[in-house]
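File shown: model.cif. Contents: mmCIF, C-alpha atoms.
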data_structure
loop_
_atom_site.label_atom_id
_atom_site.label_comp_id
_atom_site.auth_asym_id
_atom_site.auth_seq_id
_atom_site.Cartn_x
_atom_site.Cartn_y
_atom_site.Cartn_z
CA MET A 718 162.25 132.47 42.46
CA LYS A 719 161.68 128.99 43.87
CA LEU A 720 160.13 128.60 47.31
CA VAL A 721 159.70 125.35 49.27
CA ILE A 722 157.03 125.40 51.97
CA ALA A 723 157.45 122.55 54.48
CA PRO A 724 155.50 123.13 57.73
CA ASP A 725 154.03 120.82 60.34
CA SER A 726 150.40 121.19 61.35
CA PHE A 727 149.20 123.81 63.81
CA LYS A 728 147.66 121.41 66.32
CA GLU A 729 143.88 121.71 66.76
CA SER A 730 143.84 124.52 64.20
CA LEU A 731 145.20 123.70 60.72
CA SER A 732 146.59 120.63 59.01
CA ALA A 733 150.09 120.80 57.58
CA GLU A 734 148.60 120.97 54.09
CA ALA A 735 146.33 123.87 55.09
CA VAL A 736 149.28 125.71 56.65
CA ALA A 737 151.33 125.25 53.49
CA ASN A 738 148.50 126.46 51.28
CA ALA A 739 147.94 129.57 53.41
CA ILE A 740 151.63 130.49 53.28
CA ALA A 741 151.65 129.97 49.52
CA GLN A 742 148.64 132.25 49.06
CA GLY A 743 150.29 135.01 51.03
CA TRP A 744 153.58 134.68 49.15
CA ARG A 745 151.87 134.85 45.77
CA THR A 746 150.39 138.25 46.59
CA VAL A 747 153.94 139.59 46.26
CA TYR A 748 155.51 137.00 43.93
CA PRO A 749 152.65 135.83 41.70
CA ASP A 750 155.01 134.00 39.36
CA ALA A 751 157.04 132.22 42.03
CA GLN A 752 157.69 128.52 41.63
CA ILE A 753 156.29 127.08 44.86
CA ARG A 754 156.66 123.49 46.04
CA LEU A 755 154.38 122.44 48.88
CA CYS A 756 155.82 119.74 51.16
CA PRO A 757 153.58 119.33 54.23
CA MET A 758 155.52 117.64 57.03
CA ALA A 759 154.89 115.69 60.24
CA ASP A 760 157.00 114.07 62.93
CA GLY A 761 155.27 110.70 63.20
CA GLY A 762 152.31 111.76 65.31
CA GLU A 763 148.81 112.80 64.36
CA GLY A 764 148.68 114.12 60.80
CA THR A 765 151.55 111.99 59.48
CA VAL A 766 149.46 110.06 56.97
CA ASP A 767 147.81 113.15 55.51
CA ALA A 768 151.12 115.02 55.34
CA VAL A 769 152.81 112.19 53.45
CA LEU A 770 149.90 111.78 51.06
CA ALA A 771 149.71 115.51 50.40
CA ALA A 772 153.43 115.72 49.61
CA SER A 773 154.00 112.49 47.71
CA GLY A 774 150.61 111.27 46.51
CA GLY A 775 149.01 107.98 47.32
CA GLU A 776 145.65 106.71 48.49
CA ARG A 777 143.94 107.44 51.80
CA ARG A 778 142.15 104.37 53.10
CA GLU A 779 139.78 103.93 56.03
CA LEU A 780 138.95 100.99 58.26
CA SER A 781 136.82 100.41 61.34
CA VAL A 782 139.13 99.11 64.07
CA CYS A 783 139.23 98.63 67.82
CA GLY A 784 139.61 101.96 69.60
CA PRO A 785 141.66 102.57 72.74
CA LEU A 786 138.83 101.52 75.07
CA GLY A 787 137.58 98.69 72.86
CA GLU A 788 134.90 100.62 71.00
CA PRO A 789 135.00 100.71 67.18
CA VAL A 790 136.58 103.79 65.62
CA MET A 791 137.05 104.76 61.97
CA ALA A 792 140.80 104.99 61.39
CA HIS A 793 142.72 105.97 58.28
CA TRP A 794 146.04 104.90 56.77
CA GLY A 795 147.92 105.56 53.55
CA TRP A 796 148.91 103.43 50.59
CA LEU A 797 151.93 104.64 48.62
CA ALA A 798 153.79 103.61 45.50
CA GLU A 799 156.14 100.63 45.56
CA ASP A 800 153.96 98.64 47.98
CA GLN A 801 154.49 100.99 50.91
CA ALA A 802 152.00 101.73 53.67
CA VAL A 803 152.09 104.60 56.13
CA ILE A 804 150.23 104.22 59.43
CA GLU A 805 149.91 106.57 62.38
CA MET A 806 148.91 104.81 65.56
CA ALA A 807 147.05 107.93 66.69
CA ALA A 808 144.45 107.20 64.01
CA ALA A 809 143.46 104.00 65.81
CA SER A 810 144.85 104.29 69.34
CA GLY A 811 145.18 108.03 69.82
CA LEU A 812 144.43 110.10 72.89
CA HIS A 813 141.87 112.15 70.96
CA TRP A 814 139.57 109.11 70.87
CA VAL A 815 139.21 109.15 74.68
CA ALA A 816 137.31 111.91 76.47
CA PRO A 817 139.31 113.45 79.33
CA ALA A 818 136.98 112.02 81.96
CA GLN A 819 137.43 108.50 80.55
CA ARG A 820 141.21 108.44 80.26
CA ASP A 821 142.67 105.43 82.06
CA ALA A 822 146.09 104.28 80.90
CA ARG A 823 145.60 100.96 82.70
CA LEU A 824 142.84 99.91 80.30
CA THR A 825 143.64 101.33 76.88
CA THR A 826 144.82 99.02 74.11
CA THR A 827 146.86 99.21 70.90
CA ARG A 828 144.83 96.46 69.22
CA GLY A 829 143.46 98.86 66.60
CA THR A 830 146.97 99.76 65.47
CA GLY A 831 147.66 96.08 64.94
CA GLU A 832 144.48 95.86 62.87
CA LEU A 833 145.77 98.66 60.63
CA ILE A 834 149.00 96.71 60.14
CA LEU A 835 146.92 93.67 59.16
CA ALA A 836 145.11 95.80 56.57
CA ALA A 837 148.46 96.89 55.14
CA LEU A 838 149.59 93.26 54.95
CA ASP A 839 146.34 92.31 53.20
CA ALA A 840 147.01 95.05 50.65
CA GLY A 841 150.44 93.54 49.88
CA ALA A 842 152.68 95.99 51.73
CA ARG A 843 156.39 95.23 51.67
CA ARG A 844 157.32 98.26 53.75
CA ILE A 845 155.33 99.83 56.58
CA ILE A 846 156.09 103.22 58.08
CA LEU A 847 154.57 103.37 61.54
CA GLY A 848 154.26 106.73 63.28
CA ILE A 849 153.75 106.25 67.00
CA GLY A 850 153.03 109.68 68.48
CA GLY A 851 149.87 110.81 70.22
CA SER A 852 148.86 107.52 71.83
CA ALA A 853 146.29 106.93 74.56
CA THR A 854 147.94 103.65 75.52
CA ASN A 855 150.42 102.16 77.98
CA ASP A 856 150.20 98.46 77.14
CA GLY A 857 153.70 97.91 75.73
CA GLY A 858 152.18 97.08 72.35
CA ALA A 859 150.45 94.00 73.78
CA GLY A 860 147.18 94.75 72.00
CA LEU A 861 149.02 95.23 68.71
CA LEU A 862 150.67 91.81 69.10
CA GLN A 863 147.35 90.17 69.93
CA ALA A 864 145.79 91.63 66.79
CA LEU A 865 148.68 90.20 64.76
CA GLY A 866 148.15 86.68 66.10
CA ALA A 867 150.26 86.48 69.26
CA ARG A 868 148.72 84.94 72.39
CA LEU A 869 149.35 86.50 75.79
CA LEU A 870 148.23 84.00 78.41
CA ASP A 871 147.77 83.96 82.17
CA ARG A 872 148.63 81.05 84.48
CA ALA A 873 145.34 79.35 83.63
CA GLY A 874 146.14 79.52 79.93
CA GLN A 875 143.50 82.16 79.30
CA PRO A 876 144.06 85.27 77.13
CA LEU A 877 144.87 88.43 79.04
CA ALA A 878 142.37 91.26 79.21
CA ALA A 879 143.17 94.46 77.32
CA GLY A 880 145.33 97.20 78.80
CA GLY A 881 148.69 97.69 80.42
CA ALA A 882 147.60 96.84 83.97
CA ALA A 883 146.59 93.32 82.90
CA LEU A 884 150.19 92.56 81.94
CA ILE A 885 151.07 91.92 85.58
CA GLY A 886 149.15 88.62 85.20
CA LEU A 887 151.07 87.51 82.10
CA HIS A 888 152.54 84.01 82.37
CA ARG A 889 153.37 82.97 78.81
CA ILE A 890 153.73 84.55 75.34
CA ASP A 891 152.91 82.31 72.38
CA LEU A 892 154.19 83.76 69.10
CA ASP A 893 153.46 80.69 66.96
CA GLY A 894 150.30 82.27 65.55
CA LEU A 895 151.96 85.55 64.60
CA ASP A 896 151.10 86.49 61.02
CA PRO A 897 153.87 84.94 58.88
CA ARG A 898 153.74 87.81 56.38
CA LEU A 899 155.46 90.00 58.95
CA LYS A 900 158.73 88.22 58.20
CA GLN A 901 158.70 89.60 54.64
CA VAL A 902 157.90 93.19 55.61
CA GLU A 903 160.25 96.02 56.54
CA ILE A 904 158.82 98.04 59.42
CA LEU A 905 160.16 101.50 60.14
CA VAL A 906 159.03 103.23 63.32
CA ALA A 907 158.88 107.01 63.27
CA ALA A 908 159.63 108.06 66.84
CA ASP A 909 161.16 111.17 68.35
CA VAL A 910 161.96 109.96 71.85
CA ASP A 911 164.73 107.74 73.19
CA ASN A 912 163.03 106.54 76.37
CA PRO A 913 163.48 102.97 77.61
CA LEU A 914 160.47 100.86 78.50
CA CYS A 915 160.66 101.04 82.30
CA GLY A 916 162.00 103.14 85.13
CA PRO A 917 162.03 106.90 85.79
CA ARG A 918 162.46 107.67 82.08
CA GLY A 919 160.19 104.88 80.95
CA ALA A 920 156.82 104.90 79.24
CA SER A 921 154.69 104.91 82.39
CA HIS A 922 156.52 107.59 84.36
CA VAL A 923 157.10 110.03 81.51
CA PHE A 924 153.96 109.64 79.45
CA GLY A 925 151.44 107.91 81.72
CA PRO A 926 150.18 111.02 83.54
CA GLN A 927 149.05 112.73 80.33
CA LYS A 928 147.01 109.61 79.56
CA GLY A 929 145.12 109.70 82.84
CA ALA A 930 147.43 107.74 85.17
CA ALA A 931 147.56 108.91 88.80
CA PRO A 932 150.92 108.53 90.64
CA GLU A 933 150.01 105.15 92.14
CA GLN A 934 148.79 103.96 88.74
CA VAL A 935 152.07 105.03 87.16
CA GLU A 936 153.89 102.69 89.54
CA GLU A 937 151.39 99.92 88.81
CA LEU A 938 151.88 100.29 85.07
CA ASP A 939 155.66 100.43 85.36
CA ARG A 940 155.67 97.14 87.29
CA ALA A 941 153.36 95.58 84.71
CA LEU A 942 155.58 96.64 81.82
CA GLY A 943 158.62 95.34 83.68
CA HIS A 944 156.92 91.97 84.07
CA PHE A 945 155.96 92.01 80.39
CA ALA A 946 159.61 92.63 79.53
CA ASP A 947 160.68 89.73 81.80
CA VAL A 948 158.35 87.27 80.08
CA MET A 949 159.29 88.61 76.65
CA ALA A 950 162.99 88.19 77.41
CA ALA A 951 162.39 84.60 78.51
CA THR A 952 160.44 83.98 75.30
CA LEU A 953 162.92 85.54 72.89
CA GLY A 954 166.19 84.96 74.72
CA GLU A 955 167.00 88.67 74.51
CA ASP A 956 165.97 91.66 76.62
CA TYR A 957 164.90 94.77 74.70
CA ARG A 958 163.62 96.95 77.55
CA GLU A 959 166.63 99.31 77.54
CA VAL A 960 166.79 99.89 73.79
CA PRO A 961 166.41 103.66 73.17
CA GLY A 962 162.92 104.46 71.93
CA VAL A 963 161.08 101.33 73.06
CA GLY A 964 159.23 103.41 75.65
CA ALA A 965 157.59 105.48 72.91
CA ALA A 966 153.79 105.42 72.66
CA GLY A 967 153.28 103.69 76.00
CA GLY A 968 155.77 101.01 75.08
CA LEU A 969 154.40 100.16 71.66
CA GLY A 970 157.97 100.70 70.47
CA PHE A 971 158.96 97.73 72.66
CA ALA A 972 156.66 95.29 70.84
CA ALA A 973 157.64 96.73 67.47
CA LYS A 974 161.35 96.27 68.18
CA ALA A 975 161.32 93.00 70.10
CA VAL A 976 158.78 91.03 68.07
CA LEU A 977 158.42 92.78 64.71
CA GLY A 978 162.13 93.62 64.30
CA ALA A 979 161.35 97.25 63.52
CA ASP A 980 164.01 99.87 62.94
CA PHE A 981 163.66 103.30 64.55
CA ARG A 982 164.22 106.63 62.87
CA PRO A 983 163.31 110.20 63.81
CA GLY A 984 159.81 110.88 62.54
CA ILE A 985 160.64 114.01 60.59
CA GLU A 986 163.50 112.22 58.80
CA LEU A 987 161.21 109.42 57.68
CA VAL A 988 158.48 111.78 56.50
CA ALA A 989 161.02 113.96 54.70
CA ASP A 990 162.43 110.93 52.89
CA VAL A 991 159.05 109.59 51.82
CA SER A 992 157.91 113.07 50.78
CA GLY A 993 160.99 113.77 48.66
CA LEU A 994 161.90 116.90 50.61
CA ALA A 995 165.58 116.85 49.67
CA GLU A 996 164.75 116.62 45.98
CA ALA A 997 162.22 119.45 46.30
CA MET A 998 164.91 121.73 47.70
CA GLN A 999 167.23 121.42 44.74
CA GLY A 1000 167.54 124.86 43.17
CA ALA A 1001 165.35 126.52 45.81
CA ASP A 1002 166.00 130.07 46.98
CA LEU A 1003 164.19 129.80 50.30
CA VAL A 1004 162.41 127.34 52.58
CA ILE A 1005 159.58 128.30 54.93
CA THR A 1006 158.75 125.87 57.71
CA GLY A 1007 156.71 126.15 60.88
CA GLU A 1008 154.54 124.63 63.59
CA GLY A 1009 152.17 125.79 66.28
CA ARG A 1010 154.88 126.74 68.77
CA LEU A 1011 158.62 127.17 68.50
CA ASP A 1012 160.77 127.08 71.64
CA GLY A 1013 163.88 125.49 73.06
CA GLN A 1014 162.22 122.06 73.10
CA SER A 1015 161.82 122.21 69.33
CA LEU A 1016 165.50 121.27 69.08
CA HIS A 1017 164.59 117.73 70.11
CA GLY A 1018 163.21 116.16 66.95
CA LYS A 1019 160.58 118.69 65.95
CA THR A 1020 159.68 119.42 62.35
CA PRO A 1021 161.29 122.86 61.84
CA VAL A 1022 164.72 121.59 62.93
CA GLY A 1023 164.41 118.49 60.76
CA VAL A 1024 163.50 120.62 57.78
CA ALA A 1025 166.42 122.95 58.54
CA ARG A 1026 168.87 120.03 58.49
CA VAL A 1027 167.73 119.01 55.03
CA ALA A 1028 167.87 122.62 53.84
CA GLN A 1029 171.38 123.12 55.22
CA ALA A 1030 172.59 120.12 53.22
CA ALA A 1031 171.14 121.76 50.10
CA GLY A 1032 172.54 125.19 50.97
CA VAL A 1033 169.09 126.80 51.19
CA PRO A 1034 168.15 129.34 53.93
CA VAL A 1035 165.19 128.61 56.20
CA ILE A 1036 162.60 130.88 57.82
CA ALA A 1037 160.14 129.63 60.45
CA LEU A 1038 156.59 130.96 60.60
CA VAL A 1039 154.90 129.77 63.79
CA GLY A 1040 151.89 130.31 65.97
CA SER A 1041 153.94 131.48 68.93
CA LEU A 1042 157.55 131.82 70.05
CA GLY A 1043 158.47 130.41 73.45
CA ASP A 1044 161.46 130.46 75.77
CA GLY A 1045 164.72 129.48 74.15
CA TYR A 1046 163.58 129.65 70.54
CA GLN A 1047 166.74 131.60 69.69
CA GLY A 1048 168.67 128.36 70.09
CA LEU A 1049 167.23 127.24 66.78
CA TYR A 1050 169.31 129.81 64.93
CA ALA A 1051 172.33 127.57 65.47
CA ALA A 1052 170.33 124.66 64.05
CA GLY A 1053 169.94 126.33 60.66
CA ILE A 1054 166.83 128.51 61.03
CA GLU A 1055 167.79 132.01 59.92
CA ALA A 1056 164.76 133.84 61.35
CA ALA A 1057 161.52 133.08 63.13
CA PHE A 1058 158.23 134.99 63.08
CA SER A 1059 155.12 134.66 65.23
CA LEU A 1060 151.62 134.98 63.82
CA ALA A 1061 149.86 136.84 66.61
CA PRO A 1062 149.31 140.49 65.59
CA GLY A 1063 148.96 141.54 69.23
CA PRO A 1064 147.52 140.40 72.56
CA ILE A 1065 144.83 137.89 71.62
CA SER A 1066 143.47 134.70 73.21
CA LEU A 1067 144.54 131.24 72.12
CA GLU A 1068 141.04 130.65 70.76
CA GLN A 1069 141.21 133.79 68.63
CA ALA A 1070 144.65 132.85 67.34
CA MET A 1071 143.47 129.39 66.33
CA VAL A 1072 140.36 130.61 64.54
CA GLY A 1073 142.29 133.19 62.52
CA ALA A 1074 145.42 131.16 61.88
CA ALA A 1075 144.98 130.81 58.11
CA GLU A 1076 144.46 134.54 57.58
CA GLN A 1077 147.41 135.41 59.81
CA LEU A 1078 149.63 132.94 57.96
CA GLN A 1079 148.74 134.61 54.67
CA SER A 1080 149.44 138.08 56.08
CA ARG A 1081 152.78 137.13 57.64
CA ALA A 1082 153.88 135.27 54.53
CA ALA A 1083 153.12 138.36 52.45
CA ASP A 1084 155.10 140.51 54.89
CA ILE A 1085 158.08 138.17 54.66
CA ALA A 1086 157.82 138.16 50.87
CA ARG A 1087 157.94 141.97 50.86
CA LEU A 1088 161.02 141.89 53.07
CA TRP A 1089 162.61 139.30 50.77
CA ARG A 1090 161.87 141.48 47.75
CA LEU A 1091 163.39 144.52 49.47
CA ALA A 1092 166.53 142.58 50.37
CA ALA A 1093 166.83 141.40 46.77
CA ARG A 1094 166.63 145.00 45.51
CA GLN A 1095 169.27 146.16 47.99
CA GLY A 1096 171.53 143.26 47.04
#
Will you turn the file into structure tokens for me?
Amino acid sequence: MKLVIAPDSFKESLSAEAVANAIAQGWRTVYPDAQIRLCPMADGGEGTVDAVLAASGGERRELSVCGPLGEPVMAHWGWLAEDQAVIEMAAASGLHWVAPAQRDARLTTTRGTGELILAALDAGARRIILGIGGSATNDGGAGLLQALGARLLDRAGQPLAAGGAALIGLHRIDLDGLDPRLKQVEILVAADVDNPLCGPRGASHVFGPQKGAAPEQVEELDRALGHFADVMAATLGEDYREVPGVGAAGGLGFAAKAVLGADFRPGIELVADVSGLAEAMQGADLVITGEGRLDGQSLHGKTPVGVARVAQAAGVPVIALVGSLGDGYQGLYAAGIEAAFSLAPGPISLEQAMVGAAEQLQSRAADIARLWRLAARQG
């Protein structure tokens, strides 16, 4: 038989590649001769680079860049065939770089993500895939633009300080120094939200609180992003603040769309394309996908549903193997997932579940393989 294993990571527990390997080990205890294709997946957030490299090959590169609070951090990105680069902003500007007590969405910057784009340009990239999940930032992509050569100036002609709150003092945007190589590069943004830049569904209101913004700071940041959009519209002659998705990653999607001319696609679709998931499914008997938690919200752009769409097109059934099942997970049956299984063997703590995730994945995969074998005999 041919099995395709295409899971996302189990956050804070196992990478997508480790999840796929554990499932494969369990399956082989029942089907030692099975043809197994591992296709680790991601949705554009943390783990995207490693998932793409594990599935399609390529080179993992590292670079010291500006972190969210201005300190240097060691970030990674991927170099693929045909002059393609894959970057996840979380590697440079992610929330994990900022301790909970230090989180302040007014101050964090996307400059490091811009520095990763510069590295890709230096390497000769003609296509850049930019995953923008997991950010610590709310600066509308201002730091990214500054890293790429744009000047954001106050009324005195001085460069703005880092962070989203500083944007309220923006007077003029000078794009003359923007790196000219950007005009020859296709930029694809992997994003799974359709939020505008400002307002009740905008970057500050929806995502600011998880990045450390108190209610009054949310309002401050929303006003600052609105002012940024005003100045940008005056500069470009077009207003991008209502384009679906520009509110992603604290508004980094806004800078990517308005200035870099990026196109937006669901993260799982982009990763599936780059990883060759559709080709891997040709002739497959079964697909196993999964993530840390499966619930009704998983319908909105999460990895298992994206994998199921590709599998449906190939006529291959899909089973989900997940850390836990939450409210409304049954809705995924209509999205192409035939069955879903949770790892937990009984009442255990989250910490216990995370520590033993690899072993539980192997055990559940073996159980599913036995059930598959029984069904095959009965058929």
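Across the structure, CA of Met791 (chain A) and CA of Ala809 (chain A) are spaced 7.5 Å apart.
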Box centre and edge lengths (Å, one decimal), axis-aligned, region 777-783 of chain A plus 4 Å each side, as lines of an AutoDock Vina configuration file:
center_x = 140.4
center_y = 103.0
center_z = 59.8
size_x = 15.1
size_y = 16.8
size_z = 24.0
Proximity of region 755-815 of chain A to region 900-909 of chain A: per-residue shortest pair, 9 Å limit, all atoms listed in the file, as CSV:
residue,atom,partner,partner_atom,distance
A:Asp760,CA,A:Ala907,CA,7.3
A:Gly761,CA,A:Ala907,CA,5.2
A:Gly762,CA,A:Ala908,CA,8.3
Could you save those same residues with C-alpha atoms as a CSV table (one decimal), in the coordinates of the input?
chain,number,residue,atom,x,y,z
A,760,ASP,CA,157.0,114.1,62.9
A,761,GLY,CA,155.3,110.7,63.2
A,762,GLY,CA,152.3,111.8,65.3
Show which residues sit within 6 Å of Ala941 (chain A), as a PDB file with C-alpha atoms, in the frame of the given file. Count all atoms listed in the file, and ignore same-chain residues fewer than 6 positions away.
ATOM      1  CA  ALA A 882     147.600  96.840  83.970  1.00  0.00           C
ATOM      2  CA  LEU A 884     150.190  92.560  81.940  1.00  0.00           C
ATOM      3  CA  ILE A 885     151.070  91.920  85.580  1.00  0.00           C
TER       4      ILE A 885
END
Point to revise | Residues near region 925-935 of chain A, cut-off 6 Å, all atoms listed in the file, skip fewer than 5 positions along chain, as a PyMOL selection string | key: chain A and resi 820-822+853
Exercise for review: Figure out the distance between CA of Phe727 (chain A) and CA of Arg1010 (chain A), please, to one decimal in Å.
Suggested key: 8.1 Å
Point to revise | Residue members of the PyMOL selection byres ((chain A and resi 943-946) around 9) in the file shown, as a ChimeraX atom specification | key: /A:857,859,884-888,914-916,938-942,947-951,956-958,971
Exercise for review: Measure the distance from CA of Ala837 (chain A) to CA of Val769 (chain A) in Å and round it to one decimal.
Suggested key: 16.0 Å
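Of the listed residues (A:Glu832, A:Pro876, A:Cys756, A:Ala772), A:Glu832 comes nearest to Ala792 (chain A); the distances count all atoms listed in the file.
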Exercise for review: Check which residues satisfy the PyMOL selection byres ((chain A and resi 790) around 12) in the file shown, then give them as a ChimeraX atom specification.
Suggested key: /A:779-789,791-793,807-811,813-815,828-830,832-833
Selection to disk with C-alpha atoms, as a PDB file, in the frame of the given file:
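So the final result, stored in part.pdb, reads:
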ATOM      1  CA  GLU A 779     139.780 103.930  56.030  1.00  0.00           C
ATOM      2  CA  LEU A 780     138.950 100.990  58.260  1.00  0.00           C
ATOM      3  CA  SER A 781     136.820 100.410  61.340  1.00  0.00           C
ATOM      4  CA  VAL A 782     139.130  99.110  64.070  1.00  0.00           C
ATOM      5  CA  CYS A 783     139.230  98.630  67.820  1.00  0.00           C
ATOM      6  CA  GLY A 784     139.610 101.960  69.600  1.00  0.00           C
ATOM      7  CA  PRO A 785     141.660 102.570  72.740  1.00  0.00           C
ATOM      8  CA  LEU A 786     138.830 101.520  75.070  1.00  0.00           C
ATOM      9  CA  GLY A 787     137.580  98.690  72.860  1.00  0.00           C
ATOM     10  CA  GLU A 788     134.900 100.620  71.000  1.00  0.00           C
ATOM     11  CA  PRO A 789     135.000 100.710  67.180  1.00  0.00           C
ATOM     12  CA  MET A 791     137.050 104.760  61.970  1.00  0.00           C
ATOM     13  CA  ALA A 792     140.800 104.990  61.390  1.00  0.00           C
ATOM     14  CA  HIS A 793     142.720 105.970  58.280  1.00  0.00           C
ATOM     15  CA  ALA A 807     147.050 107.930  66.690  1.00  0.00           C
ATOM     16  CA  ALA A 808     144.450 107.200  64.010  1.00  0.00           C
ATOM     17  CA  ALA A 809     143.460 104.000  65.810  1.00  0.00           C
ATOM     18  CA  SER A 810     144.850 104.290  69.340  1.00  0.00           C
ATOM     19  CA  GLY A 811     145.180 108.030  69.820  1.00  0.00           C
ATOM     20  CA  HIS A 813     141.870 112.150  70.960  1.00  0.00           C
ATOM     21  CA  TRP A 814     139.570 109.110  70.870  1.00  0.00           C
ATOM     22  CA  VAL A 815     139.210 109.150  74.680  1.00  0.00           C
ATOM     23  CA  ARG A 828     144.830  96.460  69.220  1.00  0.00           C
ATOM     24  CA  GLY A 829     143.460  98.860  66.600  1.00  0.00           C
ATOM     25  CA  THR A 830     146.970  99.760  65.470  1.00  0.00           C
ATOM     26  CA  GLU A 832     144.480  95.860  62.870  1.00  0.00           C
ATOM     27  CA  LEU A 833     145.770  98.660  60.630  1.00  0.00           C
TER      28      LEU A 833
END
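Restricting the calculation to only C-alpha atoms, the smallest distance between Arg1081 (chain A) and any of A:Ser730, A:Ala989, A:Gly743, A:Ser773 is found for A:Gly743.
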Selection in question (the file shown): the PyMOL selection byres ((chain A and resi 777) around 9). Which residues does it include, as a PDB file with C-alpha atoms, keeping the file's coordinate frame?
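That gives us result-v9.pdb:
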ATOM      1  CA  VAL A 766     149.460 110.060  56.970  1.00  0.00           C
ATOM      2  CA  ASP A 767     147.810 113.150  55.510  1.00  0.00           C
ATOM      3  CA  LEU A 770     149.900 111.780  51.060  1.00  0.00           C
ATOM      4  CA  GLY A 775     149.010 107.980  47.320  1.00  0.00           C
ATOM      5  CA  GLU A 776     145.650 106.710  48.490  1.00  0.00           C
ATOM      6  CA  ARG A 778     142.150 104.370  53.100  1.00  0.00           C
ATOM      7  CA  GLU A 779     139.780 103.930  56.030  1.00  0.00           C
ATOM      8  CA  HIS A 793     142.720 105.970  58.280  1.00  0.00           C
ATOM      9  CA  TRP A 794     146.040 104.900  56.770  1.00  0.00           C
ATOM     10  CA  GLY A 795     147.920 105.560  53.550  1.00  0.00           C
ATOM     11  CA  TRP A 796     148.910 103.430  50.590  1.00  0.00           C
TER      12      TRP A 796
END
Exercise for review: Go through A:Ala759, A:Val910, A:Val976, A:Ile753 one by one, measure the shortest atom-to-atom distance of each to Ala733 (chain A) using all atoms listed in the file, and give the residue with the smallest value.
Suggested key: A:Ala759
**Study point:** Selected residue of minimal separation from Asp980 (chain A) among A:Ala836, A:Ile846, A:Thr952, A:Pro749, counting only C-alpha atoms
**Key:** A:Ile846
